[in-house]
Each structure stands twice: as structure tokens, then as C-alpha cells.
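Right, one structure below, let's go through it.
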Amino acid sequence: MTSSSVGSESDRESFTKTLSADPNDLLEILLRLTRGDRIPAASSGGSLGPLATAIRADSPFASHQTHVSLAILAMYRLTTDYAKKAGESSEVVNEKISDIIKSLPVGMISRSLDGLFREWAAR
């Protein structure tokens, strides 16, 4: 992220620290790629049903989620819930998800981080 031309270097470093502090926020890299520049679910006026509880209310990206990104997040929550029931720690699950996200092409990750930074900076 520090090689991006979006924002100042100190702002990007602050954003990167914020993003890497919580596994849920790291998952935002994938969610940002999924939602792109689509209209957020909260703006669509439709019912979110069980998707409404998929994201933490204090997430800086809560208002940007689409129905699809919320569905992915709900599946992540389901995965962590079942892992706990199976006796697996959430750290192991988050490490595997982190590995998946890190395996994405660098250009995709950079594009996602730039978009996330713009959303983070605008709040």
C-alpha cells in the first residue's frame, strides 16, 4: 500500500495498520474486490434478512457492503462458527483465509487496497 499514489504516505501507513489489526478487516481486501463500485446494500432499500448481522456495526466499511459481499462475510462467520464447534481456533481459520487473500495477484490486491483506502479516508 505504501507504493500507492492515493493519499499521503502517513495516511496510507495509518490505514494499513488499521486494516491489518483485525482479521475481519483483512477480509475486506476480498470483499472490496467483490463489491467493486456497486451500490451498497444499505442504499438499495431491499431487505437484508440474515445478511444484516454479517458485518460489525463498528466496521469502517459497513456502509459500503453489497448483498454479495455481505453473503461472503456471512459465509466467513459460518466457517468460523463451525471451526469453533469442531475445536479449531479462530486464529487457524484466519491464518488460512489470510493465505488465500495473499495468493491473489498483486495488482488485484493493490486495486482493492486503493479502493479501501478511499472508503476509509472518506469516513
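Starting from 1 in every chain, residues are counted up; chains themselves are A, B, ... following the order of the C-alpha cells, and ligands are numbered from 1 as listed.
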
Would you please give, as a VMD selection string, all residues of chain A that DSSP assigns to alpha helix (DSSP H) based on the backbone?
chain A and resid 9 to 20 23 to 26 28 to 35 41 to 44 67 to 85 90 to 102 106 to 122

Any chance you could tabulate, as JSON lines, the residues of segment 16-81 of chain A at most 7 Å from segment 93-106 of chain A with each one's nearest atom pair and distance in Å to one decimal, using only C-alpha atoms, in chain and rising number order?
```
{"residue": "A:Pro23", "atom": "CA", "partner": "A:Asn94", "partner_atom": "CA", "distance": 6.2}
{"residue": "A:Leu30", "atom": "CA", "partner": "A:Ile101", "partner_atom": "CA", "distance": 6.6}
{"residue": "A:Thr80", "atom": "CA", "partner": "A:Val93", "partner_atom": "CA", "distance": 6.7}
```

Okay, now the selection with C-alpha atoms, as a CSV table (one decimal), in the first residue's frame?
```
chain,number,residue,atom,x,y,z
A,23,PRO,CA,-8.6,-10.4,10.6
A,30,LEU,CA,-11.5,-9.7,-0.8
A,80,THR,CA,-15.5,-19.6,12.0
```

What's around His67 of chain A at 9 Å? Count only C-alpha atoms, leave out sequence neighbours fewer than 5 positions away in its own chain, and write the answer as a ChimeraX atom specification.
/A:35,40-42,48,51,72

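Taking atom CA of Gly36 of chain A as the reference point, atom CA of Ala57 of chain A is found at 20.7 Å.
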
Ser69 of chain A: which residues within 8 Å, counting only C-alpha atoms, same-chain residues fewer than 6 positions away excluded, as JSON, numbers by chain?
{"A": [31, 32, 34, 35]}

How about saving the chosen residues, C-alpha atoms kept, as a CSV table (one decimal), in the first residue's frame?
```
chain,number,residue,atom,x,y,z
A,31,LEU,CA,-14.8,-8.1,-0.1
A,32,ARG,CA,-13.7,-4.9,-1.8
A,34,THR,CA,-16.2,-8.5,-4.8
A,35,ARG,CA,-18.3,-5.3,-4.4
```

Taken to one decimal, the atom CA of Met108 of chain A-atom CA of Arg77 of chain A distance is 23.7 Å
